[in-house]
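Visitor: Got a structure for you, written out below as structure tokens; questions coming shortly.
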Amino acid sequence: MILTCPSCSTRYSIDPITIGQEGRAVKCAKCGHKWREFPPDDMPKKVTVEVEPQDQSSETPAPSADPGMSIEQMTAAKSHVAGKVGSGKKRRWIAWLLLLLILAALVCGAFFGRNIIVQVWPGSAQYYQYLRIDVETQNELGLEIHDLKTKSVLQNGVTTLTVSGVIKNVTDGPQLLPRIKIALIDDKGQSVYSWTTTVEEPEVMPWGQVEFSSSMNQPPEEAKNVKVDLIDPDN
């Protein structure tokens, strides 16, 4: 609130809480005039609660009369509270800045040191590839097989086995599509039959994928699982 000296019209900005509910004696810092200032009309009123009287022997002595507070003291109290609030905001701002710097350092380290991270933790390669970030791995072809499915259909006494899946390019450059080897595996892990196939597309675009599908009739009865590999043309 704004406090104005009745004598010299000097104005002061103070916290109305320092005046109190019953008013307070104040003194102008410029001309020394003293008067009693009362709180503004819109200031919340203090609610009093009646209590039962107690034995006077246990009552504490009544506080002495308010000697009054100079305007310098009132403005100093307000400045002290404002200083605490400003200091708290500054500390929070510094904490957020440090957190952002730490996160930025972690992101930069994970990006520029990605090949070292993949060497130590090979499983992290799939996360980089999911974000379309190329990394150095032992996969020289730069291609991976995903979503492998098998379907067996019996028609006119003939069983037809169909093997399908997706070939994904996990690099940021185009990759030639090699031949695909499909092997039928028994319950001991041994190959009982295999064949090769190709797809029509000659290559896979960066971070792209190509579907493949191949079928055969009358698969061996001992075949329990299917294994699909890409044949490296250099081997």
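By order in the structure tokens, chains are A, B, ...; within a chain, residues start at 1; ligands start at 1, following the order shown.
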Given only C-alpha atoms, how would the per-residue table for stretch 128-189 of chain A near stretch 201-208 of chain A read, listing every residue at most 12 Å away with its closest atom pair and distance in Å to one decimal, sorted by chain and number, as a tab-separated table?
Guide:
residue	atom	partner	partner_atom	distance
A:Tyr128	CA	A:Trp207	CA	11.7
A:Gln129	CA	A:Trp207	CA	8.3
A:Tyr130	CA	A:Trp207	CA	9.1
A:Leu131	CA	A:Trp207	CA	9.9
A:Arg132	CA	A:Trp207	CA	6.8
A:Ile133	CA	A:Trp207	CA	9.4
A:Asp134	CA	A:Trp207	CA	9.4
A:Leu141	CA	A:Val204	CA	11.2
A:Gly142	CA	A:Pro206	CA	9.8
A:Leu143	CA	A:Val204	CA	8.7
A:Glu144	CA	A:Trp207	CA	10.8
A:Val166	CA	A:Gly208	CA	10.1
A:Ile167	CA	A:Val204	CA	8.3
A:Lys168	CA	A:Gly208	CA	5.9
A:Asn169	CA	A:Trp207	CA	4.9
A:Val170	CA	A:Trp207	CA	5.4
A:Thr171	CA	A:Pro206	CA	5.9
A:Asp172	CA	A:Pro206	CA	4.7
A:Gly173	CA	A:Pro206	CA	4.7
A:Pro174	CA	A:Met205	CA	4.6
A:Gln175	CA	A:Val204	CA	5.3
A:Leu176	CA	A:Glu203	CA	4.1
A:Leu177	CA	A:Glu203	CA	4.9
A:Pro178	CA	A:Pro202	CA	8.5
A:Arg179	CA	A:Pro202	CA	10.4
Visitor: Taking N, CA and C atoms for each residue, export the selection above as a PDB file, in the first residue's frame.
Guide:
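Now in part-v2.pdb:
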ATOM      1  N   TYR A 128      19.315 -47.292 -31.457  1.00  0.00           N
ATOM      2  CA  TYR A 128      19.820 -46.286 -32.386  1.00  0.00           C
ATOM      3  C   TYR A 128      19.164 -46.447 -33.757  1.00  0.00           C
ATOM      4  N   GLN A 129      19.022 -47.688 -34.206  1.00  0.00           N
ATOM      5  CA  GLN A 129      18.408 -47.923 -35.514  1.00  0.00           C
ATOM      6  C   GLN A 129      16.937 -47.530 -35.508  1.00  0.00           C
ATOM      7  N   TYR A 130      16.275 -47.694 -34.378  1.00  0.00           N
ATOM      8  CA  TYR A 130      14.877 -47.267 -34.278  1.00  0.00           C
ATOM      9  C   TYR A 130      14.768 -45.754 -34.456  1.00  0.00           C
ATOM     10  N   LEU A 131      15.768 -45.011 -33.971  1.00  0.00           N
ATOM     11  CA  LEU A 131      15.812 -43.557 -34.128  1.00  0.00           C
ATOM     12  C   LEU A 131      16.450 -43.142 -35.447  1.00  0.00           C
ATOM     13  N   ARG A 132      16.745 -44.141 -36.306  1.00  0.00           N
ATOM     14  CA  ARG A 132      17.360 -43.901 -37.617  1.00  0.00           C
ATOM     15  C   ARG A 132      18.726 -43.230 -37.474  1.00  0.00           C
ATOM     16  N   ILE A 133      19.511 -43.746 -36.540  1.00  0.00           N
ATOM     17  CA  ILE A 133      20.888 -43.297 -36.350  1.00  0.00           C
ATOM     18  C   ILE A 133      21.801 -44.471 -36.692  1.00  0.00           C
ATOM     19  N   ASP A 134      22.627 -44.309 -37.721  1.00  0.00           N
ATOM     20  CA  ASP A 134      23.489 -45.398 -38.179  1.00  0.00           C
ATOM     21  C   ASP A 134      24.616 -45.633 -37.181  1.00  0.00           C
ATOM     22  N   LEU A 141      26.115 -56.546 -43.935  1.00  0.00           N
ATOM     23  CA  LEU A 141      25.131 -56.312 -44.994  1.00  0.00           C
ATOM     24  C   LEU A 141      24.264 -55.091 -44.700  1.00  0.00           C
ATOM     25  N   GLY A 142      24.122 -54.730 -43.446  1.00  0.00           N
ATOM     26  CA  GLY A 142      23.259 -53.615 -43.090  1.00  0.00           C
ATOM     27  C   GLY A 142      21.782 -53.947 -43.213  1.00  0.00           C
ATOM     28  N   LEU A 143      21.454 -55.244 -43.260  1.00  0.00           N
ATOM     29  CA  LEU A 143      20.070 -55.693 -43.425  1.00  0.00           C
ATOM     30  C   LEU A 143      19.705 -56.643 -42.292  1.00  0.00           C
ATOM     31  N   GLU A 144      18.443 -56.600 -41.881  1.00  0.00           N
ATOM     32  CA  GLU A 144      17.942 -57.493 -40.840  1.00  0.00           C
ATOM     33  C   GLU A 144      16.598 -58.075 -41.259  1.00  0.00           C
ATOM     34  N   VAL A 166      10.012 -59.715 -43.471  1.00  0.00           N
ATOM     35  CA  VAL A 166      10.385 -58.367 -43.912  1.00  0.00           C
ATOM     36  C   VAL A 166      11.896 -58.220 -43.779  1.00  0.00           C
ATOM     37  N   ILE A 167      12.521 -57.666 -44.828  1.00  0.00           N
ATOM     38  CA  ILE A 167      13.951 -57.350 -44.787  1.00  0.00           C
ATOM     39  C   ILE A 167      14.074 -55.843 -44.596  1.00  0.00           C
ATOM     40  N   LYS A 168      14.711 -55.423 -43.489  1.00  0.00           N
ATOM     41  CA  LYS A 168      14.835 -54.003 -43.173  1.00  0.00           C
ATOM     42  C   LYS A 168      16.271 -53.533 -43.368  1.00  0.00           C
ATOM     43  N   ASN A 169      16.409 -52.345 -43.941  1.00  0.00           N
ATOM     44  CA  ASN A 169      17.700 -51.679 -44.068  1.00  0.00           C
ATOM     45  C   ASN A 169      17.910 -50.839 -42.806  1.00  0.00           C
ATOM     46  N   VAL A 170      18.952 -51.142 -42.032  1.00  0.00           N
ATOM     47  CA  VAL A 170      19.198 -50.446 -40.761  1.00  0.00           C
ATOM     48  C   VAL A 170      20.362 -49.467 -40.886  1.00  0.00           C
ATOM     49  N   THR A 171      20.581 -48.941 -42.093  1.00  0.00           N
ATOM     50  CA  THR A 171      21.637 -47.965 -42.321  1.00  0.00           C
ATOM     51  C   THR A 171      21.050 -46.744 -43.019  1.00  0.00           C
ATOM     52  N   ASP A 172      21.876 -45.685 -43.123  1.00  0.00           N
ATOM     53  CA  ASP A 172      21.428 -44.464 -43.785  1.00  0.00           C
ATOM     54  C   ASP A 172      21.803 -44.422 -45.260  1.00  0.00           C
ATOM     55  N   GLY A 173      22.112 -45.592 -45.850  1.00  0.00           N
ATOM     56  CA  GLY A 173      22.420 -45.679 -47.276  1.00  0.00           C
ATOM     57  C   GLY A 173      21.689 -46.852 -47.915  1.00  0.00           C
ATOM     58  N   PRO A 174      21.480 -46.835 -49.246  1.00  0.00           N
ATOM     59  CA  PRO A 174      20.807 -47.958 -49.913  1.00  0.00           C
ATOM     60  C   PRO A 174      21.650 -49.229 -49.847  1.00  0.00           C
ATOM     61  N   GLN A 175      20.987 -50.386 -49.739  1.00  0.00           N
ATOM     62  CA  GLN A 175      21.677 -51.669 -49.643  1.00  0.00           C
ATOM     63  C   GLN A 175      21.117 -52.634 -50.685  1.00  0.00           C
ATOM     64  N   LEU A 176      22.024 -53.338 -51.393  1.00  0.00           N
ATOM     65  CA  LEU A 176      21.603 -54.342 -52.376  1.00  0.00           C
ATOM     66  C   LEU A 176      20.985 -55.532 -51.653  1.00  0.00           C
ATOM     67  N   LEU A 177      19.967 -56.120 -52.266  1.00  0.00           N
ATOM     68  CA  LEU A 177      19.293 -57.270 -51.670  1.00  0.00           C
ATOM     69  C   LEU A 177      19.967 -58.563 -52.134  1.00  0.00           C
ATOM     70  N   PRO A 178      20.535 -59.346 -51.190  1.00  0.00           N
ATOM     71  CA  PRO A 178      21.150 -60.621 -51.564  1.00  0.00           C
ATOM     72  C   PRO A 178      20.098 -61.725 -51.658  1.00  0.00           C
ATOM     73  N   ARG A 179      20.541 -62.917 -51.991  1.00  0.00           N
ATOM     74  CA  ARG A 179      19.634 -64.066 -51.999  1.00  0.00           C
ATOM     75  C   ARG A 179      19.267 -64.454 -50.565  1.00  0.00           C
TER      76      ARG A 179
END
Visitor: Name the residues of stretch 97-200 of chain A that come out as alpha helix (DSSP H) in a backbone DSSP run; write them as JSON, numbers by chain.
Guide: {"A": [97, 98, 99, 100, 101, 102, 103, 104, 105, 106, 107, 108, 109, 110, 111, 112, 114, 115, 116, 117, 118, 119, 120, 125, 126, 127, 128, 129, 130]}
Visitor: If you measure from atom CA of A:Lys181 to atom CA of A:Leu230, what distance in Å do you get, rounded to one decimal?
Guide: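 So the answer is 6.1 Å.
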